[in-house]
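Contents: one structure, followed by commentary.
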Amino acid sequence: MTEFEARPEEVGQILLKVQDDIRVLREQIANNKGGTISIQDLESALVKTEEGLQAKTEQVINQYNNQVRTLPNQEASRFDNNVVAIETTWDMRNQKSADPRKISAHILGRERMRQPQASRNNALLPKRQSVQMPGPTPGQQTKHMLTLRAVLDPQSNMNRQTLNANFGIQLPLINSKQTSKPAYSKPIIGSTIEPLAVLPKANRVDAQLAPPPITEEDARKGIMSLIERGLIPPAAQLTLDPSPVRNRIAPLHEPQVRHRPPQTEAVSLLSGVKLDPATMKHDASKMPAVPPHPKSASSSITETRTPSAKTRVTSSSLRQVKTPATLKTYEMPIQPLEAYYGPKNREPPPTTPASGDFKQLSHRFAIQNGRTRDSSSEFIAFKQHYCLTWGSIVTMIKHIEKMLTSYAVPVAFVNGDRLADLAMEFELERPPTEDDLLTVIINREDVEALIGRPGRRFKGPRGKDLAATRIQSSWRMFKDRSEYLEYRRRKWASGVIAISWIMHVKMSKVKVKLKVSREEHLENFRRRARKLAMSWDRIKQHRRTVIHIPSLGLSQDIRDSINEFGIRQNTQMARLCDIRDPNVDVIFVSPVPLSEETLQYYSKLLGLKSAVESGVVEDQCDMGEKYKIIVPEAIKSFPAHRMCLSTLLKYSPRTLKRIKHLIKGCDAYIVTGVPHKDDLSVADYLDVPILSPEPEVAHLYSTKSGCKRVFASAGVEVPPSEFDVYSIGQLHECLAQLVTENLTVKRWLFKLDDCYDGRGIGYCDIAEHLECYQWALKESRRYGEKWNKKWAQEAAYIKIHAEIADVLAKYARPVHEELYEDWSKFLDAFLSQGGVIEATPPSDSITSLTVDMLIEPTGRANVLCMGDQIHAETPFSCWGVSMPQSSVEPDVLNAVCKKVAEACKSRGIIGYLSVDFVTFIDSKTNDQKLWALDLSLHYSDSLAMFQLMSYVSNGKLDLSTHTFNVPPPPQVQKKRRRRLAGQDDEPPPNTSRYAVMSTRLLHTNLAVVHYSVFFQMCRAHGIGYDIKEKQGTVFTLLDSFNREHLGMLTIGDNLQGALATFARNMSVIHQEISAPNMQGETNFKLAITDIESILGTTVENAEDTEAE
C-alpha cells in the first residue's frame, strides 16, 4: 500500500488495494483445492493484512478528523469535471473489480446523455429520448455514495458498521464520556442582565429639571427603549435624519391607458440558467422567444399560487373574499450560456413540463347533472395548472358531484381557484360540509334555492331509497323516543314515589321525636307550675325578675292576615312599668328592633318615677338597672316569616344565653302573650315557670265556643247563642230556632271559633228580610207567655227555617271584606273551623267594657283594671279604653267577674285574662243588662296601658268603687289669717283621675316626622304631662323606623275632660302632619267620631244625674 496523502481521491485507491489483497488471498485458497495448505502461512498472511488495514484505517481516520470539510454547492453539477467522486463496485459476474477510469467515463457519458442536444431549429424545449446506458443503476449509485460517506465520516453512526460489513474491518468500540453537569440543589433566582438606566426620581417629580445625559450604550437600545424608560419625554418631537419617508411625485395615468396591463417580462425558473450581466447587453431581438401558453395569450400577466399552508383560507372566508395571488412572476428573456456550452452550442437547458405552465387569472368549469365536464377546455386547463395537487382536488370534486347529484341540481359552475384552496384546507382534516362546498360554486344562490326546497334530496337517482330510509328512521326515532319518554316518566314517577316515601318516613320520625319533646316540655311546665304555686307567696314578697315576652301565639292563618305583625306584638311596651314595684326587675323581649332615639325616650319616661312620687320635676333618677330590652337575633334571619316572638326567641341561642345569664341566682318567671307551644321550649331552656295556662287549654277556652262553655258553667248571663256549629244544616236549624225564640233581635252575628280582635265576624239583619216575620210577631203576641213552649213555636219555626237559607245567601255580609270577599268565602271558613251564632243587644245604646284579671298560681283571683271600650274601624273591635269604667255598677261587675274567675280556676287556668262584656237597657223591663261576650286568656293592651297610667300618676284603683285615686299634692305651709265671717274653707283637691288610652293610633304621615320634631310640635301646642297635677298626655313609641303607629294615654280629673283632651290631641296632630293634598291613611277621624258620641252620652248622663 502506498503512503496516504491528504486528498479525497486517494481514499478509493486505498480501499481498492485492500480489496485486491483480499482477492489474491481468496484465489490462493481456491487454487489450492487439491493440495495441502499451511495454516501457519495463512495465519501470518491474515495477521499481516489485518495489521496493514488497521494502520491505514487509523491514518485515514486521523487525517479526516483533523481536516476541515465543507458542503458542496447545491447548484453545482452532480458530476463535475474538476471534482469526481469515484466509487468502485465488484463485478459479481466476472468476479473482478471494474476500472475506475472506465467507471468515471461511463458516469460522465451518462450525465451528458441526460443533457439533450440542441436541435438545429433552435427549439428551447426539445423532446426527451430514453437511452439505456451500461453501468450501475441510479439506485446502486446512491447506495454506494451513502456507503462512501459513512466510511469517510468517522463520527457517523454507520461508520463502524459499514467498514465491518463491506470490508471486514472491526473498529474498536470507544464509549464517549459525556461530562455530566452538576445538579444544583437550589435554583438560582435573579436577573441575568444588568438593569437599564431609568429616569431619576427627582426628574419624575419635578419636570422642570434638566434631563440626564444619554450614554452611547443607552442610545444603542433604540428610541422606543429610551421613551419607555423616560429618558426621552413622551411629548418630545423626534426628527430622523435621514428621514425614512421620502416624497415622490405620483404619476397620473390617462383614462384610456389606466386599465392597460403592464408589459410582461419572462423570468426563467430553470436551475441551470446562468444570468451573466455581460450577456445582458445583447440585443433582445436576437434571443429566441418562448411561445406563449395558448390559454393565456390574451393576458400577459400570470399569477401563481403557492400551496403553502400560510396562504390557505378557511371556507367561511372564501364566501366573501377571493383567493389572493401570493406571487406574481413576469417573463424575462433567457440569455445563452456560451461560457458553459461553448459558442457553437447555443441550445438552452431542458426544463420540467410544469415550469412553463402559467396559471390563468380564474379557472371555472361546469358540473352538469352531477357529472363534471372533463372534456371541456376550461377543465383541461384547470387540471393542467393544478397537476401537482390534483389528487386532493379530485376528491373535492367527487364531494361536490355527490352533493349536486343527491339534490338533483341540473348545472353548477365551480370556481377552480377556490376549489384548489378548499382542497388544500380539507386535505388532511375533516370532510367538508355542504356550506363549505357551496363556497366554491359561482351560482350559489340558484343552487341553494334548489337545495333548500323541501323534498329536493329525494329527487336524485337514489331518491326512493333515501325516502324509504328517512321514513324508516323517522318511525324508529318516534318509536324509540316514545319508549324513552315512557321510561323517563316511569323513572320520574318512581323517583317521586321513593322520595315521597323517604320524606314521609323521615317526617314521621321527626314528628315522633317532636311529640316526645313536646310531652317532655309539657311535663316540665307542669312540674315548674306546681313549684311556682307552692312558692308564690314568698316570691311576691322578695326580689324577682319578670321576663315579658309579648308573643301572639295565634294560628298561622291569622298571623299571615295581620299587617305588620311585629308592630302588633310590640303594642305592649308599657309592660316595662312593672318596675314600679321595687322588688321587680323586668327583662322585655322586643319583637322589633328599637332605635337609639326610642331607647332614650323610654329611659327618660321610666326615670320620672322619683319625680312623680315627690311632685318635683327635677327629682328624676336612672332606672336603667331595673329593666333590660333585648331583641332576638333571629329577627334578621326570618324577615319574611311571620313567626310569633316565642318562636323567634327559640331560634335565638345567643339571646337565650344572655337571658339565662341575667336571671342566674334569682327568682324569675315568664309572662307571655297568647300562649304558644314554643313558650314551653323557651321556658324549658331557661328553666323558669310560665305564669299562664297550658297552650292547649288556653287555645281551647279562648275560642268563641270554649268561652261559651266557661260562661255557662259560671252561670253568668250571655246573649242568645248557639256554639259548636260545623255544618250548613246545623247553621240553618240553630239560626231558625234562635230567631223564633228571640223575635225582638234585629241582627244576628256569626263568629268564627278562632277569631282574634273581631276579624272573623259576619252579620245579617234577619228580621228585616224575613217575609214571615210580621206573622211570627202576631203569633208570639197571640200565645203570650206560652210562646216559650216548643209546641207554640213549631209553626213559626218551620216557616222561618224555609226562608233562612235564601236570606243568608242574599243579605249576609262579613265585617272585614278585605279578609273575606263575600258571604260564600266567609261561610266556607265558618264551616271549616266551626263557630257560634250570637244575637246583638236589642237596643240602640250599647256599651262594651273590658275587665282584666289575674288568677295567681295559688288560685286567688284579682281584678286589675276595667274600662269602657272605644271603637274606631268596626263596632266589634276594641280600639281604645277609658278607665275606670263608668257604665255598670261596681258590685254587679265584681260579682260577675268573680264567677268567671272561679269557672276558669276550676279548669286549671292561671295567669292573666280579660273578659269582654256588653251592657244596655232592656226596652221591655227598662233594666240594665250585662252580657258576657268573650274570654281572652292572655295579657291585654289595656292592662299594659293601665300599668303606664299607674306609673306616671302613682295612683291606685279602688275595686269597691271603681275609681282611680292619686296621692294629693304636698301642702304648702301658709301663714294663718283670721277667717272672715261667712268665708268657707278651701275645698280639698280632686284626687280621682280618669284616663283614655289606645295603642292603635295609625297615621301614615307620621313616617315623615322624626320623633324629636314630633315632640317639639306637641310641646308647641301644649300637649304634655304635668307631673305635679298628675294630668296630661303620655305617648308610647311602638315603631322605631316607619313611625306610623303610636300609643297615647291621656289623664284628666274627670271623664269628659280626658275624652276631650284625647280628641283634641288627635285633631292637632292630624292637622299638623297632614296637608290638603296628602291626607294619608289614618284612623284618627273614626276614633274622634266615636269619642264625640261618648262625650254626648256622658253629658246627658251628667245632666240626668243633676236633675235627679
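Every chain in the C-alpha cells takes a letter, A first, then B, and so on in the order presented; its residues are numbered from 1, and the ligands are numbered from 1 following the presented order.
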
Using DSSP assignments from the backbone, pull out every residue in region 920-1071 of chain A that falls under strand (DSSP E) and give it to me as a ChimeraX atom specification.
/A:920-921,928-936,956-958,963-965,992-1002,1025-1026,1031-1037,1045-1052

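Restricting the calculation to only C-alpha atoms, the smallest distance between Trp787 (chain A) and any of A:Arg373, A:Glu741, A:Gly139, A:Ser713 is found for A:Glu741.
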
List every residue of region 409-574 of chain A that DSSP, applied to the backbone of this structure, places in helix (DSSP H, G or I), and write the result as a ChimeraX atom specification.
/A:416-425,434-438,444-451,456-459,463-534,536-541,556-561,565-574

Any chance you could export the current selection's C-alpha atoms as a CSV table (one decimal), in the first residue's frame?
chain,number,residue,atom,x,y,z
A,416,GLY,CA,-61.4,26.3,-9.7
A,417,ASP,CA,-59.2,28.5,-7.6
A,418,ARG,CA,-61.4,28.4,-4.6
A,419,LEU,CA,-61.8,24.6,-5.1
A,420,ALA,CA,-58.0,24.2,-5.1
A,421,ASP,CA,-57.7,26.3,-1.9
A,422,LEU,CA,-60.6,24.3,-0.3
A,423,ALA,CA,-58.9,21.0,-1.3
A,424,MET,CA,-55.7,22.1,0.4
A,425,GLU,CA,-57.6,23.1,3.6
A,434,GLU,CA,-72.3,21.5,2.4
A,435,ASP,CA,-71.7,25.1,3.4
A,436,ASP,CA,-68.0,24.6,2.6
A,437,LEU,CA,-68.8,23.1,-0.7
A,438,LEU,CA,-71.2,25.8,-1.6
A,444,ARG,CA,-74.6,29.7,-5.3
A,445,GLU,CA,-77.9,31.4,-4.9
A,446,ASP,CA,-79.6,29.2,-7.5
A,447,VAL,CA,-78.1,26.0,-6.1
A,448,GLU,CA,-79.0,27.0,-2.5
A,449,ALA,CA,-82.6,27.7,-3.6
A,450,LEU,CA,-82.8,24.2,-5.1
A,451,ILE,CA,-81.2,22.5,-2.1
A,456,ARG,CA,-85.4,18.0,-3.0
A,457,ARG,CA,-83.0,15.4,-1.7
A,458,PHE,CA,-85.5,12.7,-2.8
A,459,LYS,CA,-85.4,13.8,-6.5
A,463,GLY,CA,-84.4,9.4,-4.1
A,464,LYS,CA,-86.7,6.4,-3.4
A,465,ASP,CA,-84.1,4.7,-1.2
A,466,LEU,CA,-83.4,7.9,0.7
A,467,ALA,CA,-87.1,8.5,1.2
A,468,ALA,CA,-87.7,5.0,2.4
A,469,THR,CA,-84.7,5.3,4.7
A,470,ARG,CA,-86.0,8.6,6.0
A,471,ILE,CA,-89.4,7.2,6.7
A,472,GLN,CA,-88.0,4.2,8.5
A,473,SER,CA,-85.6,6.3,10.6
A,474,SER,CA,-88.3,8.7,11.5
A,475,TRP,CA,-90.6,5.9,12.6
A,476,ARG,CA,-87.8,4.2,14.6
A,477,MET,CA,-87.0,7.6,16.1
A,478,PHE,CA,-90.6,8.2,17.1
A,479,LYS,CA,-91.0,4.7,18.5
A,480,ASP,CA,-87.8,4.8,20.4
A,481,ARG,CA,-88.4,8.3,21.7
A,482,SER,CA,-91.9,7.3,22.8
A,483,GLU,CA,-90.5,4.3,24.7
A,484,TYR,CA,-87.8,6.5,26.1
A,485,LEU,CA,-90.3,9.2,27.3
A,486,GLU,CA,-92.4,6.5,28.8
A,487,TYR,CA,-89.3,5.1,30.6
A,488,ARG,CA,-88.4,8.6,31.8
A,489,ARG,CA,-91.9,9.2,33.0
A,490,ARG,CA,-91.9,5.9,34.9
A,491,LYS,CA,-88.4,6.6,36.3
A,492,TRP,CA,-89.5,10.1,37.4
A,493,ALA,CA,-92.7,8.7,39.0
A,494,SER,CA,-90.6,6.0,40.8
A,495,GLY,CA,-88.2,8.7,42.0
A,496,VAL,CA,-91.1,10.9,43.2
A,497,ILE,CA,-92.6,7.9,45.0
A,498,ALA,CA,-89.3,7.0,46.5
A,499,ILE,CA,-88.5,10.5,47.6
A,500,SER,CA,-92.0,11.0,49.0
A,501,TRP,CA,-91.8,7.8,50.9
A,502,ILE,CA,-88.4,8.7,52.3
A,503,MET,CA,-89.7,12.1,53.3
A,504,HIS,CA,-92.8,10.6,54.8
A,505,VAL,CA,-90.6,8.2,56.9
A,506,LYS,CA,-88.3,11.0,57.9
A,507,MET,CA,-91.2,13.3,58.7
A,508,SER,CA,-92.9,10.6,60.8
A,509,LYS,CA,-89.7,10.1,62.7
A,510,VAL,CA,-89.3,13.8,63.2
A,511,LYS,CA,-93.0,14.1,64.3
A,512,VAL,CA,-92.4,11.3,66.8
A,513,LYS,CA,-89.3,13.0,68.2
A,514,LEU,CA,-91.1,16.3,68.3
A,515,LYS,CA,-94.1,14.8,70.0
A,516,VAL,CA,-91.8,13.2,72.6
A,517,SER,CA,-90.1,16.6,73.1
A,518,ARG,CA,-93.4,18.4,73.4
A,519,GLU,CA,-94.6,16.0,76.0
A,520,GLU,CA,-91.3,16.4,77.9
A,521,HIS,CA,-91.6,20.2,77.8
A,522,LEU,CA,-95.3,20.0,78.9
A,523,GLU,CA,-94.4,17.7,81.8
A,524,ASN,CA,-91.6,20.1,82.9
A,525,PHE,CA,-94.0,23.0,82.6
A,526,ARG,CA,-96.5,21.3,84.9
A,527,ARG,CA,-93.7,20.5,87.4
A,528,ARG,CA,-92.5,24.1,87.4
A,529,ALA,CA,-96.1,25.4,87.7
A,530,ARG,CA,-96.6,23.3,90.8
A,531,LYS,CA,-93.4,24.6,92.3
A,532,LEU,CA,-94.4,28.2,91.4
A,533,ALA,CA,-97.7,27.7,93.2
A,534,MET,CA,-96.0,26.5,96.3
A,536,TRP,CA,-95.7,32.2,95.0
A,537,ASP,CA,-96.3,33.9,98.4
A,538,ARG,CA,-92.6,34.0,99.0
A,539,ILE,CA,-91.8,35.2,95.5
A,540,LYS,CA,-94.2,38.1,95.8
A,541,GLN,CA,-92.5,39.4,98.9
A,556,GLN,CA,-100.5,30.7,61.1
A,557,ASP,CA,-103.5,31.8,59.0
A,558,ILE,CA,-104.4,34.6,61.4
A,559,ARG,CA,-100.7,35.7,61.6
A,560,ASP,CA,-100.5,35.9,57.9
A,561,SER,CA,-103.6,38.1,57.7
A,565,PHE,CA,-97.3,41.6,62.7
A,566,GLY,CA,-94.2,42.6,64.5
A,567,ILE,CA,-95.6,46.0,65.4
A,568,ARG,CA,-98.8,44.4,66.5
A,569,GLN,CA,-96.8,42.3,69.0
A,570,ASN,CA,-95.0,45.4,70.2
A,571,THR,CA,-98.0,47.3,71.4
A,572,GLN,CA,-97.3,46.3,75.0
A,573,MET,CA,-94.1,48.3,75.6
A,574,ALA,CA,-95.8,49.7,78.7

Residues at most 9 Å from region 646-653 of chain A, counting only C-alpha atoms, excluding those fewer than 6 positions away in the same chain, as a ChimeraX atom specification?
/A:549-553,589,591,631-635,638,672,675-679,681-682,685

Output for the residues just chosen: C-alpha atoms as an mmCIF file, in the first residue's frame:
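The result, written out as part_24.cif:
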data_model
loop_
_atom_site.group_PDB
_atom_site.id
_atom_site.type_symbol
_atom_site.label_atom_id
_atom_site.label_comp_id
_atom_site.auth_asym_id
_atom_site.auth_seq_id
_atom_site.Cartn_x
_atom_site.Cartn_y
_atom_site.Cartn_z
ATOM 1 C CA ILE A 549 -92.461 38.033 76.075
ATOM 2 C CA PRO A 550 -95.363 39.818 74.300
ATOM 3 C CA SER A 551 -95.885 36.976 71.847
ATOM 4 C CA LEU A 552 -99.073 36.414 69.866
ATOM 5 C CA GLY A 553 -99.152 32.640 69.516
ATOM 6 C CA VAL A 589 -88.052 40.871 74.756
ATOM 7 C CA PRO A 591 -90.310 41.710 68.677
ATOM 8 C CA VAL A 631 -84.053 41.889 70.657
ATOM 9 C CA PRO A 632 -83.667 38.274 69.377
ATOM 10 C CA GLU A 633 -81.105 37.859 66.631
ATOM 11 C CA ALA A 634 -83.402 35.527 64.659
ATOM 12 C CA ILE A 635 -85.495 38.525 63.585
ATOM 13 C CA PHE A 638 -86.602 35.317 59.210
ATOM 14 C CA THR A 672 -96.145 35.710 77.806
ATOM 15 C CA PRO A 675 -99.654 31.114 74.778
ATOM 16 C CA HIS A 676 -97.810 29.033 72.200
ATOM 17 C CA LYS A 677 -96.055 25.657 72.217
ATOM 18 C CA ASP A 678 -92.689 27.323 71.747
ATOM 19 C CA ASP A 679 -93.183 29.109 75.059
ATOM 20 C CA SER A 681 -89.421 25.215 74.803
ATOM 21 C CA VAL A 682 -88.086 28.614 75.852
ATOM 22 C CA TYR A 685 -84.217 26.079 78.203
#

Spatial neighbours of region 1071-1083 of chain A, 8 Å, only C-alpha atoms, chain gap at least 5 places, as a PDB file with all heavy atoms, in the first residue's frame:
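Printed below is part.pdb as written:
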ATOM      1  N   ALA A 872    -113.274  52.285  66.615  1.00  0.00           N
ATOM      2  CA  ALA A 872    -112.920  53.171  65.515  1.00  0.00           C
ATOM      3  C   ALA A 872    -113.294  52.544  64.177  1.00  0.00           C
ATOM      4  O   ALA A 872    -114.206  53.023  63.492  1.00  0.00           O
ATOM      5  CB  ALA A 872    -111.428  53.497  65.544  1.00  0.00           C
ATOM      6  N   GLU A 873    -112.628  51.451  63.789  1.00  0.00           N
ATOM      7  CA  GLU A 873    -112.896  50.852  62.477  1.00  0.00           C
ATOM      8  C   GLU A 873    -114.250  50.158  62.452  1.00  0.00           C
ATOM      9  O   GLU A 873    -115.075  50.420  61.567  1.00  0.00           O
ATOM     10  CB  GLU A 873    -111.782  49.855  62.105  1.00  0.00           C
ATOM     11  CG  GLU A 873    -110.440  50.493  61.785  1.00  0.00           C
ATOM     12  CD  GLU A 873    -109.553  50.598  63.010  1.00  0.00           C
ATOM     13  OE1 GLU A 873    -110.057  50.288  64.123  1.00  0.00           O
ATOM     14  OE2 GLU A 873    -108.378  50.993  62.874  1.00  0.00           O
ATOM     15  N   LEU A1001    -103.264  53.861  67.416  1.00  0.00           N
ATOM     16  CA  LEU A1001    -103.236  55.070  66.608  1.00  0.00           C
ATOM     17  C   LEU A1001    -102.396  54.822  65.359  1.00  0.00           C
ATOM     18  O   LEU A1001    -101.237  54.381  65.442  1.00  0.00           O
ATOM     19  CB  LEU A1001    -102.650  56.245  67.398  1.00  0.00           C
ATOM     20  CG  LEU A1001    -103.624  57.033  68.285  1.00  0.00           C
ATOM     21  CD1 LEU A1001    -104.046  56.214  69.499  1.00  0.00           C
ATOM     22  CD2 LEU A1001    -102.994  58.351  68.729  1.00  0.00           C
ATOM     23  N   LEU A1002    -102.989  55.120  64.214  1.00  0.00           N
ATOM     24  CA  LEU A1002    -102.328  54.885  62.931  1.00  0.00           C
ATOM     25  C   LEU A1002    -102.463  56.128  62.068  1.00  0.00           C
ATOM     26  O   LEU A1002    -103.575  56.647  61.879  1.00  0.00           O
ATOM     27  CB  LEU A1002    -102.940  53.677  62.218  1.00  0.00           C
ATOM     28  CG  LEU A1002    -102.510  53.443  60.766  1.00  0.00           C
ATOM     29  CD1 LEU A1002    -101.015  53.104  60.689  1.00  0.00           C
ATOM     30  CD2 LEU A1002    -103.333  52.326  60.114  1.00  0.00           C
ATOM     31  N   HIS A1003    -101.327  56.590  61.562  1.00  0.00           N
ATOM     32  CA  HIS A1003    -101.326  57.701  60.602  1.00  0.00           C
ATOM     33  C   HIS A1003    -100.055  57.569  59.763  1.00  0.00           C
ATOM     34  O   HIS A1003     -98.945  57.646  60.298  1.00  0.00           O
ATOM     35  CB  HIS A1003    -101.362  59.051  61.317  1.00  0.00           C
ATOM     36  CG  HIS A1003    -101.959  60.144  60.472  1.00  0.00           C
ATOM     37  ND1 HIS A1003    -101.450  60.502  59.234  1.00  0.00           N
ATOM     38  CD2 HIS A1003    -103.037  60.941  60.674  1.00  0.00           C
ATOM     39  CE1 HIS A1003    -102.175  61.482  58.731  1.00  0.00           C
ATOM     40  NE2 HIS A1003    -103.161  61.772  59.582  1.00  0.00           N
ATOM     41  N   THR A1004    -100.226  57.357  58.470  1.00  0.00           N
ATOM     42  CA  THR A1004     -99.067  57.126  57.610  1.00  0.00           C
ATOM     43  C   THR A1004     -98.200  58.369  57.456  1.00  0.00           C
ATOM     44  O   THR A1004     -97.010  58.254  57.147  1.00  0.00           O
ATOM     45  CB  THR A1004     -99.529  56.650  56.231  1.00  0.00           C
ATOM     46  OG1 THR A1004    -100.464  57.605  55.690  1.00  0.00           O
ATOM     47  CG2 THR A1004    -100.216  55.295  56.329  1.00  0.00           C
ATOM     48  N   ASN A1005     -98.767  59.567  57.677  1.00  0.00           N
ATOM     49  CA  ASN A1005     -97.949  60.777  57.552  1.00  0.00           C
ATOM     50  C   ASN A1005     -96.979  60.948  58.710  1.00  0.00           C
ATOM     51  O   ASN A1005     -96.081  61.797  58.651  1.00  0.00           O
ATOM     52  CB  ASN A1005     -98.856  62.011  57.459  1.00  0.00           C
ATOM     53  CG  ASN A1005     -99.607  62.058  56.147  1.00  0.00           C
ATOM     54  OD1 ASN A1005     -99.310  61.310  55.213  1.00  0.00           O
ATOM     55  ND2 ASN A1005    -100.603  62.923  56.060  1.00  0.00           N
ATOM     56  N   LEU A1006     -97.147  60.180  59.775  1.00  0.00           N
ATOM     57  CA  LEU A1006     -96.180  60.243  60.869  1.00  0.00           C
ATOM     58  C   LEU A1006     -94.793  59.761  60.444  1.00  0.00           C
ATOM     59  O   LEU A1006     -93.796  60.059  61.122  1.00  0.00           O
ATOM     60  CB  LEU A1006     -96.674  59.396  62.046  1.00  0.00           C
ATOM     61  CG  LEU A1006     -97.823  59.965  62.880  1.00  0.00           C
ATOM     62  CD1 LEU A1006     -98.327  58.918  63.856  1.00  0.00           C
ATOM     63  CD2 LEU A1006     -97.373  61.215  63.628  1.00  0.00           C
ATOM     64  N   VAL A1009     -92.128  62.485  59.893  1.00  0.00           N
ATOM     65  CA  VAL A1009     -91.776  63.333  61.031  1.00  0.00           C
ATOM     66  C   VAL A1009     -90.960  62.513  62.021  1.00  0.00           C
ATOM     67  O   VAL A1009     -91.394  61.443  62.457  1.00  0.00           O
ATOM     68  CB  VAL A1009     -93.050  63.888  61.727  1.00  0.00           C
ATOM     69  CG1 VAL A1009     -92.656  64.791  62.887  1.00  0.00           C
ATOM     70  CG2 VAL A1009     -93.922  64.634  60.739  1.00  0.00           C
TER      71      VAL A1009
END

Of A:Leu738, A:Leu404, A:Leu252, A:Val586, the one nearest to Asp667 (chain A) when counting only C-alpha atoms is A:Val586

Write out as an NGL selection string the residues lying within 9 Å of Lys708 (chain A), counting only C-alpha atoms and excluding same-chain residues fewer than 4 positions away.
:A and (701 or 703-704 or 712-713 or 718 or 721-723 or 932-935)

I'd like the neighbourhood of Ser848 (chain A) as an mmCIF file with N, CA, C and O atoms, in the first residue's frame, where a residue qualifies if any of its atoms comes within 6 Å (using only C-alpha atoms), though same-chain residues fewer than 6 positions away should be ignored.
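Result written to result-v8.cif:
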data_model
loop_
_atom_site.group_PDB
_atom_site.id
_atom_site.type_symbol
_atom_site.label_atom_id
_atom_site.label_comp_id
_atom_site.auth_asym_id
_atom_site.auth_seq_id
_atom_site.Cartn_x
_atom_site.Cartn_y
_atom_site.Cartn_z
ATOM 1 N N ASP A 868 -114.246 51.118 79.739
ATOM 2 C CA ASP A 868 -115.207 51.113 78.635
ATOM 3 C C ASP A 868 -114.456 51.176 77.302
ATOM 4 O O ASP A 868 -113.477 51.919 77.157
ATOM 5 N N GLN A 869 -114.945 50.405 76.356
ATOM 6 C CA GLN A 869 -114.264 50.302 75.066
ATOM 7 C C GLN A 869 -114.606 51.486 74.170
ATOM 8 O O GLN A 869 -115.700 52.046 74.226
ATOM 9 N N PHE A 917 -117.539 42.395 78.095
ATOM 10 C CA PHE A 917 -118.968 42.452 78.401
ATOM 11 C C PHE A 917 -119.625 43.490 77.490
ATOM 12 O O PHE A 917 -118.956 44.368 76.931
ATOM 13 N N VAL A 918 -120.943 43.373 77.429
ATOM 14 C CA VAL A 918 -121.749 44.378 76.753
ATOM 15 C C VAL A 918 -122.936 44.685 77.664
ATOM 16 O O VAL A 918 -123.539 43.785 78.258
#

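When CA of Ser914 (chain A) is paired with CA of Ala861 (chain A), their separation reads 12.1 Å.
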
List the spatial neighbours of Ala839 (chain A) as a ChimeraX atom specification - criterion: any atom at most 6 Å away, only C-alpha atoms, same-chain residues fewer than 5 positions off excluded.
/A:719-720,748-749

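The residue that comes closest to Gly1052 (chain A), out of A:Val996, A:Ile380, A:Ala1020, A:Ala219 and on the basis of only C-alpha atoms, is A:Val996.
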